[in-house]
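K.L.:
Handing over start_27.txt, compact mmCIF, C-alpha atoms and all ligand atoms.
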# COMPACT_ATOMS: atom_id res chain seq x y z
CA MET A 207 -10.79 3.38 47.58
CA LYS A 208 -11.10 -0.40 47.17
CA ALA A 209 -8.30 -2.67 48.42
CA LEU A 210 -7.51 -6.32 49.12
CA VAL A 211 -7.29 -6.59 52.88
CA TYR A 212 -5.80 -9.44 54.93
CA GLN A 213 -8.16 -10.37 57.75
CA GLY A 214 -6.15 -13.01 59.56
CA PRO A 215 -5.17 -16.55 58.52
CA GLY A 216 -7.29 -17.91 55.68
CA SER A 217 -9.23 -14.70 55.11
CA ILE A 218 -8.97 -11.78 52.69
CA ALA A 219 -11.59 -9.34 51.46
CA TRP A 220 -11.92 -6.76 48.68
CA GLN A 221 -13.25 -3.82 50.65
CA GLU A 222 -13.41 -0.06 51.12
CA LYS A 223 -10.35 1.54 52.81
CA PRO A 224 -9.37 5.19 53.17
CA ALA A 225 -7.15 6.30 50.26
CA PRO A 226 -3.56 6.87 51.42
CA GLY A 227 -2.09 10.36 51.72
CA ILE A 228 1.43 11.74 51.99
CA GLN A 229 2.77 11.13 55.52
CA LYS A 230 6.43 12.06 55.08
CA PRO A 231 8.17 14.48 52.71
CA THR A 232 9.89 11.53 50.95
CA ASP A 233 6.60 9.73 50.13
CA ALA A 234 4.73 9.44 46.85
CA ILE A 235 1.21 8.24 46.13
CA VAL A 236 0.79 5.97 43.11
CA LYS A 237 -2.49 5.16 41.37
CA ILE A 238 -2.15 1.46 40.56
CA GLU A 239 -2.52 0.56 36.90
CA THR A 240 -1.33 -3.06 37.17
CA THR A 241 -0.61 -5.30 40.12
CA THR A 242 -0.08 -9.03 40.56
CA ILE A 243 -0.23 -11.78 43.17
CA CYS A 244 2.96 -13.41 44.47
CA GLY A 245 3.55 -16.78 46.11
CA THR A 246 4.42 -14.82 49.25
CA ASP A 247 0.85 -13.43 49.36
CA LEU A 248 -0.35 -17.04 49.58
CA HIS A 249 2.11 -17.67 52.45
CA ILE A 250 0.63 -14.60 54.22
CA LEU A 251 -2.93 -15.74 53.52
CA LYS A 252 -2.15 -19.12 55.08
CA GLY A 253 -0.92 -17.35 58.21
CA ASP A 254 2.72 -18.37 57.69
CA VAL A 255 3.94 -14.79 58.07
CA PRO A 256 2.87 -13.74 61.57
CA THR A 257 4.40 -10.25 61.25
CA VAL A 258 1.59 -9.34 58.82
CA GLU A 259 -1.27 -7.95 60.86
CA SER A 260 -4.95 -8.18 60.20
CA GLY A 261 -6.12 -5.09 58.27
CA ARG A 262 -3.02 -4.93 56.09
CA ILE A 263 -3.47 -4.24 52.36
CA LEU A 264 -1.50 -6.95 50.54
CA GLY A 265 0.63 -6.80 47.37
CA HIS A 266 4.18 -5.76 46.64
CA GLU A 267 4.33 -5.66 42.85
CA GLY A 268 2.89 -3.07 40.54
CA VAL A 269 3.07 -0.26 38.03
CA GLY A 270 1.09 2.95 38.19
CA VAL A 271 0.97 6.69 37.80
CA VAL A 272 2.20 9.12 40.46
CA THR A 273 -0.63 11.31 41.72
CA GLU A 274 1.08 13.13 44.61
CA VAL A 275 4.64 13.58 45.91
CA GLY A 276 6.05 14.80 49.21
CA GLU A 277 7.98 18.06 49.29
CA ALA A 278 11.41 16.33 49.38
CA VAL A 279 10.72 14.32 46.22
CA THR A 280 12.27 16.04 43.21
CA GLU A 281 13.26 13.20 40.88
CA ILE A 282 9.77 11.75 40.56
CA SER A 283 6.86 13.92 39.43
CA VAL A 284 3.11 13.75 39.36
CA GLY A 285 2.10 12.02 36.13
CA ASP A 286 5.20 9.77 35.92
CA ARG A 287 4.48 6.12 35.11
CA VAL A 288 6.50 4.12 37.62
CA ILE A 289 7.42 0.61 38.69
CA VAL A 290 6.89 0.13 42.42
CA SER A 291 9.73 -1.81 44.05
CA CYS A 292 8.66 -4.55 46.47
CA ILE A 293 11.02 -3.02 49.06
CA SER A 294 11.04 0.65 49.98
CA ALA A 295 14.43 1.84 51.20
CA CYS A 296 15.93 5.20 52.11
CA GLY A 297 18.99 4.73 49.89
CA LYS A 298 21.13 6.62 52.41
CA CYS A 299 21.70 4.49 55.50
CA SER A 300 24.74 2.24 55.98
CA TYR A 301 23.01 -0.87 54.69
CA CYS A 302 21.39 0.88 51.71
CA LEU A 303 24.80 2.27 50.74
CA GLU A 304 26.07 -1.34 50.68
CA GLY A 305 23.16 -2.28 48.39
CA VAL A 306 21.35 -4.22 51.13
CA TYR A 307 18.10 -2.28 50.70
CA SER A 308 16.17 -5.13 52.28
CA HIS A 309 17.66 -4.13 55.64
CA CYS A 310 17.23 -0.37 55.36
CA LEU A 311 17.83 1.24 58.74
CA ALA A 312 15.46 4.17 58.27
CA ASP A 313 13.33 4.54 61.38
CA GLU A 314 10.21 3.42 59.55
CA GLY A 315 11.73 -0.04 58.94
CA ALA A 316 10.73 -0.90 62.46
CA SER A 317 11.27 -4.65 62.31
CA GLY A 318 14.80 -4.46 60.94
CA ILE A 319 13.75 -6.05 57.64
CA GLY A 320 13.10 -2.82 55.84
CA TRP A 321 9.85 -1.75 54.31
CA ILE A 322 8.35 -4.61 52.33
CA LEU A 323 5.10 -3.39 50.81
CA GLY A 324 2.07 -5.46 51.73
CA HIS A 325 3.86 -6.66 54.85
CA LEU A 326 4.59 -4.03 57.51
CA ILE A 327 3.08 -1.27 55.42
CA ASP A 328 0.12 -1.29 53.03
CA GLY A 329 0.72 -2.71 49.59
CA THR A 330 -0.21 -2.50 45.93
CA GLN A 331 -3.39 -4.61 45.66
CA ALA A 332 -5.46 -1.45 45.87
CA GLU A 333 -6.45 1.53 43.81
CA TYR A 334 -3.72 3.67 45.42
CA VAL A 335 -0.55 2.95 47.38
CA ARG A 336 1.71 5.16 49.51
CA VAL A 337 5.37 4.52 48.69
CA PRO A 338 7.90 5.69 51.28
CA PHE A 339 11.32 6.89 50.04
CA ALA A 340 9.88 7.38 46.58
CA GLU A 341 13.13 8.33 44.90
CA THR A 342 14.81 4.99 45.70
CA SER A 343 11.70 2.84 45.60
CA LEU A 344 10.03 3.94 42.36
CA HIS A 345 11.59 3.48 38.93
CA GLN A 346 10.44 5.20 35.74
CA ALA A 347 8.63 2.56 33.67
CA PRO A 348 10.44 2.23 30.34
CA GLU A 349 8.70 3.61 27.24
CA GLY A 350 7.38 0.94 24.95
CA VAL A 351 7.18 -1.77 27.63
CA ALA A 352 3.68 -2.85 28.69
CA ALA A 353 2.84 -2.08 32.33
CA GLU A 354 2.14 -5.77 33.01
CA GLU A 355 5.65 -6.68 31.83
CA ALA A 356 7.29 -3.86 33.76
CA ALA A 357 5.57 -5.17 36.92
CA MET A 358 7.85 -8.23 36.77
CA ILE A 359 10.65 -5.87 37.89
CA SER A 360 8.94 -5.20 41.24
CA ASP A 361 10.01 -8.54 42.74
CA ILE A 362 10.46 -11.73 40.73
CA LEU A 363 13.16 -10.65 38.28
CA PRO A 364 15.45 -9.07 40.90
CA THR A 365 14.81 -11.98 43.30
CA GLY A 366 15.77 -14.68 40.80
CA HIS A 367 18.71 -12.64 39.56
CA GLU A 368 20.15 -11.38 42.85
CA ILE A 369 19.60 -14.28 45.23
CA GLY A 370 19.80 -17.05 42.62
CA ILE A 371 22.24 -16.04 39.90
CA ARG A 372 24.39 -13.38 41.56
CA TYR A 373 24.67 -14.98 45.00
CA GLY A 374 25.24 -18.29 43.19
CA ALA A 375 28.16 -16.58 41.39
CA VAL A 376 27.17 -18.02 38.00
CA GLU A 377 30.01 -17.75 35.49
CA PRO A 378 30.26 -18.31 31.74
CA GLY A 379 30.30 -22.01 30.95
CA ASP A 380 28.71 -23.08 34.24
CA VAL A 381 26.12 -25.81 34.46
CA ILE A 382 23.38 -24.57 36.71
CA ALA A 383 20.34 -26.36 38.09
CA VAL A 384 17.28 -24.44 39.23
CA ILE A 385 14.98 -26.44 41.48
CA GLY A 386 11.48 -24.99 41.37
CA ALA A 387 10.22 -23.50 38.12
CA GLY A 388 7.67 -21.12 39.60
CA PRO A 389 7.89 -17.42 38.70
CA VAL A 390 10.99 -16.93 40.89
CA GLY A 391 12.84 -19.99 39.55
CA LEU A 392 11.91 -18.97 36.00
CA ALA A 393 13.26 -15.48 36.71
CA ALA A 394 16.55 -17.11 37.75
CA ILE A 395 16.52 -19.21 34.57
CA THR A 396 15.89 -16.24 32.29
CA THR A 397 18.49 -13.98 33.96
CA ALA A 398 21.06 -16.83 33.97
CA SER A 399 21.28 -16.40 30.21
CA LEU A 400 22.95 -13.00 30.79
CA TYR A 401 25.99 -14.88 32.17
CA GLY A 402 26.53 -17.46 29.41
CA PRO A 403 26.04 -20.75 31.26
CA SER A 404 26.64 -23.91 29.21
CA ARG A 405 23.53 -25.64 30.56
CA VAL A 406 20.54 -24.56 32.59
CA VAL A 407 18.70 -27.52 34.04
CA ALA A 408 15.16 -26.86 35.30
CA ILE A 409 13.88 -29.30 37.92
CA ASP A 410 10.29 -29.30 39.18
CA ILE A 411 7.82 -31.80 40.53
CA ASP A 412 5.28 -30.50 38.00
CA ALA A 413 5.93 -31.56 34.38
CA ASN A 414 4.06 -28.51 33.08
CA ARG A 415 6.41 -26.18 34.96
CA VAL A 416 9.42 -28.06 33.52
CA GLU A 417 8.01 -27.46 30.02
CA GLN A 418 7.43 -23.77 30.79
CA ALA A 419 11.06 -23.48 31.86
CA LYS A 420 12.24 -24.29 28.35
CA ARG A 421 10.47 -21.14 27.07
CA PHE A 422 12.60 -19.15 29.53
CA GLY A 423 15.86 -20.63 28.28
CA ALA A 424 16.33 -23.87 30.23
CA SER A 425 18.36 -26.25 28.08
CA ASP A 426 17.22 -29.34 29.98
CA GLY A 427 14.26 -30.26 32.14
CA ILE A 428 13.88 -32.93 34.78
CA VAL A 429 10.67 -33.94 36.54
CA SER A 430 11.74 -34.55 40.12
CA SER A 431 9.02 -37.14 40.79
CA ASP A 432 11.06 -39.42 38.45
CA SER A 433 12.94 -41.73 40.80
CA ASP A 434 16.15 -41.29 38.80
CA TRP A 435 16.18 -37.46 38.85
CA LYS A 436 19.64 -37.41 40.44
CA GLU A 437 21.08 -39.80 37.85
CA GLN A 438 19.57 -37.58 35.14
CA VAL A 439 21.37 -34.54 36.55
CA LEU A 440 24.65 -36.40 36.85
CA ALA A 441 24.31 -37.71 33.29
CA LEU A 442 24.14 -34.09 32.07
CA THR A 443 27.38 -33.24 33.90
CA ASP A 444 29.55 -36.26 33.05
CA GLY A 445 28.90 -37.51 36.57
CA LEU A 446 30.50 -34.42 38.15
CA GLY A 447 27.52 -32.51 39.54
CA VAL A 448 26.38 -28.96 38.76
CA ASP A 449 28.48 -25.86 39.36
CA VAL A 450 25.55 -23.95 40.87
CA ALA A 451 22.35 -25.35 42.40
CA ILE A 452 19.56 -22.83 43.01
CA GLU A 453 16.74 -23.64 45.42
CA ALA A 454 13.55 -21.77 44.44
CA VAL A 455 10.85 -23.71 46.29
CA GLY A 456 11.30 -23.37 50.06
CA VAL A 457 10.86 -26.93 51.35
CA PRO A 458 13.45 -29.20 53.06
CA ALA A 459 13.35 -31.80 50.24
CA THR A 460 14.56 -29.34 47.59
CA TRP A 461 17.29 -27.99 49.85
CA ASP A 462 18.56 -31.57 50.23
CA MET A 463 18.33 -32.02 46.46
CA CYS A 464 20.65 -29.06 45.93
CA LEU A 465 23.26 -30.60 48.23
CA ALA A 466 22.90 -33.92 46.38
CA ILE A 467 23.65 -32.52 42.91
CA VAL A 468 26.22 -29.76 43.45
CA ARG A 469 29.83 -30.58 42.57
CA PRO A 470 32.69 -30.24 45.08
CA GLY A 471 33.68 -26.58 45.16
CA GLY A 472 30.28 -25.54 43.78
CA HIS A 473 27.66 -23.07 44.98
CA VAL A 474 24.22 -23.58 46.48
CA ALA A 475 22.05 -20.47 46.35
CA ASN A 476 18.89 -20.74 48.42
CA VAL A 477 16.12 -18.39 47.27
CA GLY A 478 13.09 -20.18 48.70
CA VAL A 479 11.50 -18.98 51.92
CA HIS A 480 11.54 -21.85 54.39
CA GLY A 481 8.97 -21.26 57.07
CA LYS A 482 10.84 -23.65 59.37
CA PRO A 483 14.49 -24.52 60.05
CA VAL A 484 16.05 -26.98 57.60
CA SER A 485 18.83 -29.32 58.60
CA PHE A 486 22.21 -28.17 57.44
CA PRO A 487 25.02 -30.73 57.31
CA LEU A 488 27.92 -28.37 57.83
CA GLU A 489 30.38 -31.26 57.57
CA THR A 490 29.14 -31.97 54.00
CA ALA A 491 29.62 -28.33 53.04
CA TRP A 492 33.11 -28.45 54.58
CA ILE A 493 34.33 -31.67 53.00
CA GLN A 494 32.83 -30.66 49.62
CA ASN A 495 34.22 -27.09 49.72
CA LEU A 496 30.72 -25.72 49.08
CA THR A 497 29.71 -22.08 49.14
CA ILE A 498 26.19 -21.66 50.50
CA THR A 499 24.33 -18.37 50.10
CA THR A 500 20.83 -17.12 50.81
CA GLY A 501 18.99 -13.89 51.49
CA LEU A 502 16.11 -11.57 51.04
CA VAL A 503 15.90 -9.77 47.70
CA ASN A 504 17.70 -6.42 47.77
CA THR A 505 16.35 -4.92 44.52
CA ASP A 506 19.79 -3.38 43.97
CA THR A 507 19.90 -4.70 40.40
CA SER A 508 16.42 -3.45 39.42
CA ARG A 509 17.72 -0.50 37.43
CA MET A 510 20.03 -2.76 35.42
CA LEU A 511 17.17 -5.19 34.76
CA ILE A 512 14.93 -2.32 33.61
CA LYS A 513 17.53 -1.35 30.99
CA LEU A 514 17.63 -4.91 29.68
CA LEU A 515 13.84 -5.05 29.65
CA ALA A 516 13.70 -1.81 27.66
CA GLN A 517 16.16 -3.31 25.15
CA GLY A 518 14.03 -6.43 24.73
CA ARG A 519 16.70 -8.64 26.33
CA LEU A 520 14.41 -10.02 29.04
CA ASP A 521 11.16 -11.83 28.30
CA ALA A 522 8.91 -10.47 31.02
CA GLY A 523 5.74 -11.13 29.00
CA GLY A 524 6.37 -14.88 29.23
CA PHE A 525 5.49 -14.88 32.93
CA ILE A 526 1.91 -13.72 32.37
CA SER A 527 -0.67 -16.49 32.30
CA HIS A 528 -3.95 -14.84 33.33
CA ARG A 529 -5.49 -11.37 33.37
CA PHE A 530 -8.27 -10.03 35.61
CA SER A 531 -9.66 -6.63 36.44
CA LEU A 532 -8.67 -5.39 39.90
CA GLU A 533 -12.21 -5.76 41.26
CA ASP A 534 -12.09 -9.48 40.34
CA ILE A 535 -9.08 -10.00 42.62
CA MET A 536 -10.83 -12.68 44.70
CA SER A 537 -11.20 -14.84 41.56
CA ALA A 538 -7.59 -14.07 40.70
CA TYR A 539 -6.48 -15.37 44.12
CA ASP A 540 -8.51 -18.50 43.56
CA THR A 541 -6.94 -19.10 40.11
CA PHE A 542 -3.43 -18.37 41.41
CA GLY A 543 -3.94 -20.55 44.49
CA ARG A 544 -4.81 -23.55 42.28
CA ALA A 545 -1.81 -23.14 39.98
CA ALA A 546 -1.23 -26.87 39.46
CA GLU A 547 -4.76 -27.10 37.99
CA THR A 548 -5.09 -23.71 36.31
CA LYS A 549 -1.46 -23.56 35.09
CA ALA A 550 -1.29 -20.03 36.52
CA LEU A 551 2.14 -18.42 36.53
CA LYS A 552 1.62 -14.68 37.06
CA VAL A 553 -1.90 -13.30 37.20
CA ILE A 554 -2.22 -9.68 36.18
CA LEU A 555 -4.78 -7.32 37.72
CA THR A 556 -5.61 -4.07 36.00
P1 LIG B 601 5.76 -21.04 43.44
O1 LIG B 601 5.08 -21.72 44.56
O2 LIG B 601 4.95 -20.36 42.39
O3 LIG B 601 6.73 -22.06 42.68
C1 LIG B 601 7.39 -23.09 43.34
C2 LIG B 601 7.67 -24.22 42.33
O4 LIG B 601 8.27 -25.30 43.06
C3 LIG B 601 6.42 -24.78 41.66
O5 LIG B 601 6.62 -24.83 40.27
C4 LIG B 601 6.26 -26.17 42.28
O6 LIG B 601 5.72 -27.11 41.36
C5 LIG B 601 7.70 -26.51 42.62
N1 LIG B 601 7.84 -27.50 43.69
C6 LIG B 601 7.09 -27.62 44.83
N2 LIG B 601 7.53 -28.66 45.58
C7 LIG B 601 8.57 -29.19 44.89
C8 LIG B 601 9.42 -30.30 45.14
N3 LIG B 601 9.30 -31.05 46.24
N4 LIG B 601 10.37 -30.58 44.22
C9 LIG B 601 10.51 -29.83 43.10
N5 LIG B 601 9.73 -28.77 42.81
C10 LIG B 601 8.76 -28.47 43.69
O7 LIG B 601 6.76 -20.01 44.13
P2 LIG B 601 7.53 -18.72 43.55
O8 LIG B 601 6.63 -17.54 43.62
O9 LIG B 601 8.20 -19.06 42.27
O10 LIG B 601 8.61 -18.53 44.72
C11 LIG B 601 9.58 -19.53 44.97
C12 LIG B 601 10.14 -19.35 46.37
O11 LIG B 601 10.88 -18.13 46.44
C13 LIG B 601 9.07 -19.27 47.47
O12 LIG B 601 9.52 -19.97 48.62
C14 LIG B 601 9.01 -17.78 47.74
O13 LIG B 601 8.49 -17.49 49.02
C15 LIG B 601 10.46 -17.42 47.60
N6 LIG B 601 10.80 -16.00 47.45
C16 LIG B 601 11.97 -15.59 48.01
C17 LIG B 601 12.34 -14.28 47.93
C18 LIG B 601 13.62 -13.83 48.55
O14 LIG B 601 13.77 -12.64 48.80
N7 LIG B 601 14.57 -14.71 48.78
C19 LIG B 601 11.53 -13.34 47.27
C20 LIG B 601 10.35 -13.79 46.66
C21 LIG B 601 9.99 -15.13 46.76
ZN ZN B 602 18.20 2.65 54.05
Could I get this file's structure written as structure tokens?
P.N.:
Amino acid sequence: MKALVYQGPGSIAWQEKPAPGIQKPTDAIVKIETTTICGTDLHILKGDVPTVESGRILGHEGVGVVTEVGEAVTEISVGDRVIVSCISACGKCSYCLEGVYSHCLADEGASGIGWILGHLIDGTQAEYVRVPFAETSLHQAPEGVAAEEAAMISDILPTGHEIGIRYGAVEPGDVIAVIGAGPVGLAAITTASLYGPSRVVAIDIDANRVEQAKRFGASDGIVSSDSDWKEQVLALTDGLGVDVAIEAVGVPATWDMCLAIVRPGGHVANVGVHGKPVSFPLETAWIQNLTITTGLVNTDTSRMLIKLLAQGRLDAGGFISHRFSLEDIMSAYDTFGRAAETKALKVILT
């Protein structure tokens, strides 16, 4: 089969690889119908994720059709159209039972961070993918929802919802600020609406991204290159600060911005992946009674999000900016990598 293979920092290739087969009785093989590229793939390509080895097939989002199942798989059948979760988890270990699928203890999660597809095991940017623990890690794609929309359930919607909105403990009437209106920040913005906030303020350095955020339900937008961005936030909150600040970028500056705009007693939910340590003024958090949360997506709300998607209550189609065929994946990476120029949000590969 053909697959997108990481070849070390700065290098990927679309090349021939052996098609995957069933290795364990809990596996399934999925023929990929639709996959996408994530910001994390660009981090890997840059060499920022040293645990990804050369030769790895990238990609952790996708929808496809099951072509083979292991003998222990009874709830998923050959021919089912499924959403592939970005994290494969056994569903049975102590951490999985607590909903922390990202730290599944099954022996195959060798690094202690579970089975992220396209990371420690081969991923979805290929014609076929092997999915361990198929019954927990594959979801039936809802009837009537396009595959490209269902693929937004693999990673970005649960990430924005779980680590942004849920960890941020968003409540009805809250004013929330989301810093970073990339796909993950936009996923937080769109799922925030499920909790009835009074304002959702999108903040991004890129004015185009701020505009996009309004389509996803942001009530206000602020371009953070404006020197008075903080005054603008305070003006929207009668000078009090926001109830919940969500960091969806992954750089020190935006972490500091969250601390600058959150009200005393508020929440800061960090979603962004910071490749390096950020400074953390514990005394500020103490004196301001702040709750700080962060974490790796668990995908424990994926089933709930699928129901909402099937009911038309989540706009997954709004994320899609470009479409390519799978064999044009190198052009898709180029378009996605130049998002500021190309205005790429999610690129779809079929
Ligand atoms: P992205 O790069 O597509 O979007 C980031 C956005 O931040 C862009 O719109 C960019 O214009 C904006 N931005 C950059 N610098 C800024 C600054 N200084 N001030 C304000 N805005 C700025 O990324 P994405 O795919 O949306 O992902 C966002 C983050 O979430 C990344 O760090 C990603 O690795 C992380 N992530 C975390 C998890 C998790 O499990 N916690 C899962 C997936 C992704
Ligand atoms: Zn587990």
K.L.:
Can you tell me which residues surround segment 405-420 of chain A at a distance of at most 6 Å, considering only C-alpha atoms, apart from same-chain residues fewer than 3 positions away, and format the answer as an MDAnalysis selection string?
P.N.:
chainID A and resid 381:387 423:431
K.L.:
Counting all atoms listed in the file, which residues come within 10 Å of (17.0, -30.6, 45.9), with the point read in the file's coordinates, and could you list them as a PyMOL selection string?
P.N.:
chain A and resi 383-386+409-410+430+435-436+451-455+457-468
K.L.:
Env of segment 269-278 of chain A: 10 Å cut, atoms = only C-alpha atoms, seq-sep filter 3 positions within chain, self excluded. Answer as a CSV table (one decimal) with C-alpha atoms, in the coordinates of the input.
P.N.:
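Output contents, as saved in out.csv:
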chain,number,residue,atom,x,y,z
A,227,GLY,CA,-2.1,10.4,51.7
A,228,ILE,CA,1.4,11.7,52.0
A,229,GLN,CA,2.8,11.1,55.5
A,230,LYS,CA,6.4,12.1,55.1
A,231,PRO,CA,8.2,14.5,52.7
A,232,THR,CA,9.9,11.5,51.0
A,233,ASP,CA,6.6,9.7,50.1
A,234,ALA,CA,4.7,9.4,46.8
A,235,ILE,CA,1.2,8.2,46.1
A,236,VAL,CA,0.8,6.0,43.1
A,237,LYS,CA,-2.5,5.2,41.4
A,238,ILE,CA,-2.2,1.5,40.6
A,239,GLU,CA,-2.5,0.6,36.9
A,240,THR,CA,-1.3,-3.1,37.2
A,241,THR,CA,-0.6,-5.3,40.1
A,242,THR,CA,-0.1,-9.0,40.6
A,281,GLU,CA,13.3,13.2,40.9
A,282,ILE,CA,9.8,11.8,40.6
A,283,SER,CA,6.9,13.9,39.4
A,284,VAL,CA,3.1,13.8,39.4
A,285,GLY,CA,2.1,12.0,36.1
A,286,ASP,CA,5.2,9.8,35.9
A,287,ARG,CA,4.5,6.1,35.1
A,288,VAL,CA,6.5,4.1,37.6
A,289,ILE,CA,7.4,0.6,38.7
A,290,VAL,CA,6.9,0.1,42.4
A,291,SER,CA,9.7,-1.8,44.0
A,330,THR,CA,-0.2,-2.5,45.9
A,333,GLU,CA,-6.4,1.5,43.8
A,334,TYR,CA,-3.7,3.7,45.4
A,335,VAL,CA,-0.6,3.0,47.4
A,336,ARG,CA,1.7,5.2,49.5
A,337,VAL,CA,5.4,4.5,48.7
A,338,PRO,CA,7.9,5.7,51.3
A,339,PHE,CA,11.3,6.9,50.0
A,340,ALA,CA,9.9,7.4,46.6
A,341,GLU,CA,13.1,8.3,44.9
A,344,LEU,CA,10.0,3.9,42.4
A,345,HIS,CA,11.6,3.5,38.9
A,346,GLN,CA,10.4,5.2,35.7
A,347,ALA,CA,8.6,2.6,33.7
A,352,ALA,CA,3.7,-2.8,28.7
A,353,ALA,CA,2.8,-2.1,32.3
A,354,GLU,CA,2.1,-5.8,33.0
A,355,GLU,CA,5.6,-6.7,31.8
A,356,ALA,CA,7.3,-3.9,33.8
A,357,ALA,CA,5.6,-5.2,36.9
A,358,MET,CA,7.8,-8.2,36.8
A,359,ILE,CA,10.6,-5.9,37.9
A,360,SER,CA,8.9,-5.2,41.2
A,556,THR,CA,-5.6,-4.1,36.0
K.L.:
From the list A:Leu264, A:Leu446, A:Leu515, A:Cys296, which residue is nearest ligand ZN 602 (chain B) when using only C-alpha atoms and all ligand atoms?
P.N.:
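Using only C-alpha atoms and all ligand atoms, the shortest distance to ligand ZN 602 (chain B) belongs to A:Cys296.
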K.L.:
I need the residue nearest ligand ZN 602 (chain B) from this list: A:Ile512, A:Ala295, A:Ala546, A:Ala393. Use only C-alpha atoms and all ligand atoms for the distance.
P.N.:
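Nearest to ligand ZN 602 (chain B): A:Ala295.
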